[in-house]
Amino acid sequence: MINTWSPEQLEYLKENYTLTKQEVMAEVLKKSKDQIRWKAKEFKLIKKVSRTKTNACFLEDFDNPESLYWWGFLTADGCITPKQIIFSLEEKDIEYVNKFAKKCNSQVKKLTRINSWHKTPYTMARTVVNDSFLIARIIKRLKIKPQKTYNPFDISEFLDKSRLIYYFAGLVDGDGYIGTKKKGRIITIKVHFNWHKTFNLISKKLNDFYGLHSTSYISNTGWAMLKIGKKKDMKILFNLLNGKVPIMPRKWSAIKNFPL
């Protein structure tokens, strides 16, 4: 029987089968999924990636600005379990749930709820990625613990000059507020006080890497706070991000017109 697999195809199969989705391999190799599976059996290759149609493998690329941005957003508004990545925002920001879902090939649903924090009904847009293999690698790499809101994970991967600025942008869009004050505008991020030490690291590195001045402290009401209050710093921040990652216009539009 004629071997229809070229040496290059076989090499790709052996190098990528374990961690690459079948759909991606089929496209690259121009083979059916069955052909790929049977050939993989010959080499005793074992899949370590979910067969789900969702695909968030881009999150493992920590050198891609947009991936870093989504990591900042997930830090704020994501829920990571051993089997799922759940991303949800208020309905007014459904555009950003749609953006994330498009990258992950996942579905978006709306859920209306009432709880102890919201006595009146409110609607959330939500998308879910199912991939236990991918998530296991991510949890191990970032040392993610249950209930990350109260248990900060290891952000050292992001504390690099080529990475931090994009991660920080996602954090602002998730947990941040860009509002007015007497002499201009201010960027404020407020989270559980357990994140205070992490905010100290971020604040220091923002200054070390980009010359951005910020303050990190515990508020009188017990929140961990990180603030940038100077127009010059906010304008520099905006210029570093604009066109590189999909920052929220409703939060950043005022800073866009700041003079340096």
# chains A, B, ... in the order shown; residues from 1 in each chain; ligands from 1
call {"tool": "residues_around", "arguments": {"residues": "A:Gly170", "least_positions_apart": "5", "cutoff": "10 Å", "atoms": "only C-alpha atoms", "output": "mmCIF file with C-alpha atoms, in the first residue's frame"}}
result
data_model
loop_
_atom_site.group_PDB
_atom_site.id
_atom_site.type_symbol
_atom_site.label_atom_id
_atom_site.label_comp_id
_atom_site.auth_asym_id
_atom_site.auth_seq_id
_atom_site.Cartn_x
_atom_site.Cartn_y
_atom_site.Cartn_z
ATOM 1 C CA GLU A 66 -4.184 40.544 22.896
ATOM 2 C CA SER A 67 -3.775 37.299 24.832
ATOM 3 C CA LEU A 68 -2.208 39.276 27.676
ATOM 4 C CA TYR A 69 -5.093 41.742 27.544
ATOM 5 C CA TRP A 70 -7.614 38.909 27.893
ATOM 6 C CA TRP A 71 -5.625 37.527 30.804
ATOM 7 C CA GLY A 72 -6.027 40.848 32.596
ATOM 8 C CA PHE A 73 -9.740 40.758 31.848
ATOM 9 C CA LEU A 74 -10.020 37.150 33.056
ATOM 10 C CA THR A 75 -8.186 38.083 36.251
ATOM 11 C CA ALA A 76 -10.969 40.569 36.892
ATOM 12 C CA ASP A 77 -14.070 38.922 35.465
ATOM 13 C CA ILE A 165 1.177 46.933 29.958
ATOM 14 C CA ASP A 175 -12.089 45.798 37.494
ATOM 15 C CA GLY A 176 -11.116 49.388 36.753
ATOM 16 C CA VAL A 245 -5.271 45.683 22.196
ATOM 17 C CA PRO A 246 -9.087 46.178 22.054
ATOM 18 C CA ILE A 247 -9.464 48.530 25.052
ATOM 19 C CA MET A 248 -13.012 49.631 25.889
#
call {"tool": "residues_around", "arguments": {"residues": "stretch 129-134 of chain A", "least_positions_apart": "4", "cutoff": "12 Å", "atoms": "only C-alpha atoms", "output": "PDB file with C-alpha atoms, in the first residue's frame"}}
result
ATOM      1  CA  THR A  18      -0.656  15.735  21.642  1.00  0.00           C
ATOM      2  CA  LEU A  19      -1.614  19.398  22.156  1.00  0.00           C
ATOM      3  CA  THR A  20      -3.262  20.445  18.887  1.00  0.00           C
ATOM      4  CA  LYS A  21      -6.968  20.357  18.096  1.00  0.00           C
ATOM      5  CA  LYS A  47      -4.183  13.352  22.900  1.00  0.00           C
ATOM      6  CA  LYS A  48      -3.916  15.805  25.783  1.00  0.00           C
ATOM      7  CA  VAL A  49      -6.394  18.292  24.428  1.00  0.00           C
ATOM      8  CA  SER A  50     -10.159  18.267  24.722  1.00  0.00           C
ATOM      9  CA  ARG A  51     -12.360  17.291  21.795  1.00  0.00           C
ATOM     10  CA  THR A  52     -14.699  20.182  22.542  1.00  0.00           C
ATOM     11  CA  LYS A  53     -15.216  22.670  19.733  1.00  0.00           C
ATOM     12  CA  THR A  54     -14.169  25.539  21.987  1.00  0.00           C
ATOM     13  CA  ASN A  55     -10.530  26.524  21.684  1.00  0.00           C
ATOM     14  CA  ALA A  56      -8.739  28.933  24.023  1.00  0.00           C
ATOM     15  CA  CYS A  57      -5.194  27.780  23.286  1.00  0.00           C
ATOM     16  CA  PHE A  58      -4.281  31.379  22.437  1.00  0.00           C
ATOM     17  CA  LEU A  59      -4.248  32.008  26.202  1.00  0.00           C
ATOM     18  CA  GLU A  60      -1.007  30.017  26.421  1.00  0.00           C
ATOM     19  CA  GLY A  78     -13.201  35.316  34.715  1.00  0.00           C
ATOM     20  CA  CYS A  79     -13.862  32.156  36.668  1.00  0.00           C
ATOM     21  CA  ILE A  80     -11.395  29.298  36.185  1.00  0.00           C
ATOM     22  CA  THR A  81     -12.316  25.800  37.343  1.00  0.00           C
ATOM     23  CA  PRO A  82     -10.481  22.544  36.577  1.00  0.00           C
ATOM     24  CA  LYS A  83     -12.742  22.013  33.555  1.00  0.00           C
ATOM     25  CA  GLN A  84     -14.025  25.430  32.483  1.00  0.00           C
ATOM     26  CA  ILE A  85     -13.084  29.035  31.829  1.00  0.00           C
ATOM     27  CA  ILE A  86     -16.156  31.201  32.364  1.00  0.00           C
ATOM     28  CA  PHE A  87     -16.179  34.832  31.238  1.00  0.00           C
ATOM     29  CA  SER A  88     -19.152  37.040  32.032  1.00  0.00           C
ATOM     30  CA  PHE A 100     -13.735  36.684  23.659  1.00  0.00           C
ATOM     31  CA  ALA A 101     -16.230  34.026  22.540  1.00  0.00           C
ATOM     32  CA  LYS A 102     -15.262  34.549  18.895  1.00  0.00           C
ATOM     33  CA  LYS A 103     -11.622  33.886  19.731  1.00  0.00           C
ATOM     34  CA  CYS A 104     -12.627  30.758  21.685  1.00  0.00           C
ATOM     35  CA  ASN A 105     -15.280  29.488  19.250  1.00  0.00           C
ATOM     36  CA  SER A 106     -17.736  29.419  22.161  1.00  0.00           C
ATOM     37  CA  GLN A 107     -21.387  30.409  22.536  1.00  0.00           C
ATOM     38  CA  VAL A 108     -22.720  33.481  24.354  1.00  0.00           C
ATOM     39  CA  ILE A 138      -2.829  27.008  32.798  1.00  0.00           C
ATOM     40  CA  ILE A 139      -3.627  26.290  36.448  1.00  0.00           C
ATOM     41  CA  LYS A 140      -0.226  24.685  36.906  1.00  0.00           C
ATOM     42  CA  ARG A 141       1.652  27.448  35.100  1.00  0.00           C
TER      43      ARG A 141
END
call {"tool": "closest_residue", "arguments": {"among": "A:Thr4, A:Ser203, A:Ser32, A:Ser253", "to": "A:Ile178", "atoms": "only C-alpha atoms"}}
result
A:Ser253
call {"tool": "atom_distance", "arguments": {"atom1": "atom CA of A:Asp160", "atom2": "atom CA of A:Leu206"}}
result
9.8 Å
call {"tool": "residues_around", "arguments": {"residues": "A:Ser214", "least_positions_apart": "2", "cutoff": "12 Å", "atoms": "only C-alpha atoms", "output": "PyMOL selection string"}}
result
chain A and resi 186-189+199-208+210-212+216-217+225-234+237
call {"tool": "write_last_selection", "arguments": {"atoms": "N, CA and C atoms", "output": "PDB file, in the first residue's frame"}}
result
ATOM      1  N   ILE A 186      -9.067  60.064  36.650  1.00  0.00           N
ATOM      2  CA  ILE A 186      -8.254  59.136  37.428  1.00  0.00           C
ATOM      3  C   ILE A 186      -8.629  57.702  37.097  1.00  0.00           C
ATOM      4  N   ILE A 187      -7.633  56.839  36.984  1.00  0.00           N
ATOM      5  CA  ILE A 187      -7.852  55.409  36.788  1.00  0.00           C
ATOM      6  C   ILE A 187      -7.798  54.745  38.159  1.00  0.00           C
ATOM      7  N   THR A 188      -8.850  54.019  38.502  1.00  0.00           N
ATOM      8  CA  THR A 188      -8.924  53.358  39.796  1.00  0.00           C
ATOM      9  C   THR A 188      -9.302  51.893  39.609  1.00  0.00           C
ATOM     10  N   ILE A 189      -8.553  51.011  40.249  1.00  0.00           N
ATOM     11  CA  ILE A 189      -8.904  49.590  40.289  1.00  0.00           C
ATOM     12  C   ILE A 189      -9.120  49.216  41.741  1.00  0.00           C
ATOM     13  N   PHE A 199      -0.848  44.101  43.831  1.00  0.00           N
ATOM     14  CA  PHE A 199      -0.958  45.473  43.321  1.00  0.00           C
ATOM     15  C   PHE A 199       0.335  46.252  43.582  1.00  0.00           C
ATOM     16  N   ASN A 200       0.981  45.997  44.704  1.00  0.00           N
ATOM     17  CA  ASN A 200       2.263  46.651  44.973  1.00  0.00           C
ATOM     18  C   ASN A 200       3.282  46.302  43.891  1.00  0.00           C
ATOM     19  N   LEU A 201       3.309  45.021  43.501  1.00  0.00           N
ATOM     20  CA  LEU A 201       4.225  44.581  42.450  1.00  0.00           C
ATOM     21  C   LEU A 201       3.905  45.254  41.121  1.00  0.00           C
ATOM     22  N   ILE A 202       2.624  45.283  40.780  1.00  0.00           N
ATOM     23  CA  ILE A 202       2.212  45.904  39.515  1.00  0.00           C
ATOM     24  C   ILE A 202       2.589  47.374  39.502  1.00  0.00           C
ATOM     25  N   SER A 203       2.301  48.074  40.609  1.00  0.00           N
ATOM     26  CA  SER A 203       2.596  49.502  40.701  1.00  0.00           C
ATOM     27  C   SER A 203       4.093  49.769  40.520  1.00  0.00           C
ATOM     28  N   LYS A 204       4.923  48.976  41.169  1.00  0.00           N
ATOM     29  CA  LYS A 204       6.370  49.156  41.056  1.00  0.00           C
ATOM     30  C   LYS A 204       6.846  48.917  39.633  1.00  0.00           C
ATOM     31  N   LYS A 205       6.351  47.856  39.011  1.00  0.00           N
ATOM     32  CA  LYS A 205       6.803  47.526  37.665  1.00  0.00           C
ATOM     33  C   LYS A 205       6.288  48.516  36.624  1.00  0.00           C
ATOM     34  N   LEU A 206       5.112  49.088  36.830  1.00  0.00           N
ATOM     35  CA  LEU A 206       4.617  50.114  35.910  1.00  0.00           C
ATOM     36  C   LEU A 206       5.581  51.299  35.879  1.00  0.00           C
ATOM     37  N   ASN A 207       6.134  51.617  37.033  1.00  0.00           N
ATOM     38  CA  ASN A 207       7.104  52.706  37.113  1.00  0.00           C
ATOM     39  C   ASN A 207       8.453  52.282  36.532  1.00  0.00           C
ATOM     40  N   ASP A 208       8.910  51.080  36.908  1.00  0.00           N
ATOM     41  CA  ASP A 208      10.212  50.604  36.432  1.00  0.00           C
ATOM     42  C   ASP A 208      10.257  50.460  34.914  1.00  0.00           C
ATOM     43  N   TYR A 210       7.842  51.567  32.469  1.00  0.00           N
ATOM     44  CA  TYR A 210       7.265  52.585  31.580  1.00  0.00           C
ATOM     45  C   TYR A 210       7.285  54.000  32.158  1.00  0.00           C
ATOM     46  N   GLY A 211       7.785  54.151  33.376  1.00  0.00           N
ATOM     47  CA  GLY A 211       7.795  55.473  34.004  1.00  0.00           C
ATOM     48  C   GLY A 211       6.417  55.955  34.408  1.00  0.00           C
ATOM     49  N   LEU A 212       5.476  55.016  34.596  1.00  0.00           N
ATOM     50  CA  LEU A 212       4.107  55.378  34.986  1.00  0.00           C
ATOM     51  C   LEU A 212       3.995  55.395  36.505  1.00  0.00           C
ATOM     52  N   SER A 216      -0.558  52.248  45.295  1.00  0.00           N
ATOM     53  CA  SER A 216      -1.217  51.013  45.720  1.00  0.00           C
ATOM     54  C   SER A 216      -1.381  51.068  47.226  1.00  0.00           C
ATOM     55  N   TYR A 217      -2.608  50.861  47.703  1.00  0.00           N
ATOM     56  CA  TYR A 217      -2.860  50.982  49.136  1.00  0.00           C
ATOM     57  C   TYR A 217      -4.145  50.247  49.509  1.00  0.00           C
ATOM     58  N   MET A 225      -6.475  48.949  46.497  1.00  0.00           N
ATOM     59  CA  MET A 225      -6.678  49.991  45.496  1.00  0.00           C
ATOM     60  C   MET A 225      -5.391  50.224  44.710  1.00  0.00           C
ATOM     61  N   LEU A 226      -5.535  50.487  43.414  1.00  0.00           N
ATOM     62  CA  LEU A 226      -4.419  50.913  42.581  1.00  0.00           C
ATOM     63  C   LEU A 226      -4.916  52.078  41.743  1.00  0.00           C
ATOM     64  N   LYS A 227      -4.198  53.209  41.828  1.00  0.00           N
ATOM     65  CA  LYS A 227      -4.666  54.410  41.129  1.00  0.00           C
ATOM     66  C   LYS A 227      -3.557  55.055  40.307  1.00  0.00           C
ATOM     67  N   ILE A 228      -3.952  55.586  39.165  1.00  0.00           N
ATOM     68  CA  ILE A 228      -3.097  56.457  38.345  1.00  0.00           C
ATOM     69  C   ILE A 228      -3.853  57.769  38.218  1.00  0.00           C
ATOM     70  N   GLY A 229      -3.252  58.875  38.663  1.00  0.00           N
ATOM     71  CA  GLY A 229      -4.003  60.121  38.750  1.00  0.00           C
ATOM     72  C   GLY A 229      -3.482  61.280  37.933  1.00  0.00           C
ATOM     73  N   LYS A 230      -2.334  61.122  37.271  1.00  0.00           N
ATOM     74  CA  LYS A 230      -1.789  62.224  36.497  1.00  0.00           C
ATOM     75  C   LYS A 230      -2.132  62.077  35.022  1.00  0.00           C
ATOM     76  N   LYS A 231      -2.542  63.202  34.417  1.00  0.00           N
ATOM     77  CA  LYS A 231      -2.915  63.178  33.007  1.00  0.00           C
ATOM     78  C   LYS A 231      -1.774  62.658  32.124  1.00  0.00           C
ATOM     79  N   LYS A 232      -0.557  63.083  32.446  1.00  0.00           N
ATOM     80  CA  LYS A 232       0.586  62.676  31.628  1.00  0.00           C
ATOM     81  C   LYS A 232       0.751  61.165  31.643  1.00  0.00           C
ATOM     82  N   ASP A 233       0.617  60.568  32.824  1.00  0.00           N
ATOM     83  CA  ASP A 233       0.766  59.117  32.932  1.00  0.00           C
ATOM     84  C   ASP A 233      -0.348  58.386  32.194  1.00  0.00           C
ATOM     85  N   MET A 234      -1.561  58.902  32.316  1.00  0.00           N
ATOM     86  CA  MET A 234      -2.682  58.258  31.640  1.00  0.00           C
ATOM     87  C   MET A 234      -2.565  58.359  30.123  1.00  0.00           C
ATOM     88  N   LEU A 237       0.055  55.899  29.027  1.00  0.00           N
ATOM     89  CA  LEU A 237      -0.555  54.568  29.081  1.00  0.00           C
ATOM     90  C   LEU A 237      -1.436  54.330  27.867  1.00  0.00           C
TER      91      LEU A 237
END
call {"tool": "select_by_dssp", "arguments": {"residues": "stretch 32-111 of chain A", "states": "helix (DSSP H, G or I)", "output": "number ranges by chain"}}
result
A: 33-42, 57-60, 65-77, 91-104
call {"tool": "select_by_dssp", "arguments": {"residues": "stretch 69-134 of chain A", "states": "strand (DSSP E)", "output": "ChimeraX atom specification"}}
result
/A:78-80,84-90,108-113,122-130
call {"tool": "residues_around", "arguments": {"residues": "A:Met25", "least_positions_apart": "3", "cutoff": "10 Å", "atoms": "only C-alpha atoms", "output": "PyMOL selection string"}}
result
chain A and resi 9+12-13+16-17+20-22+28-33+36
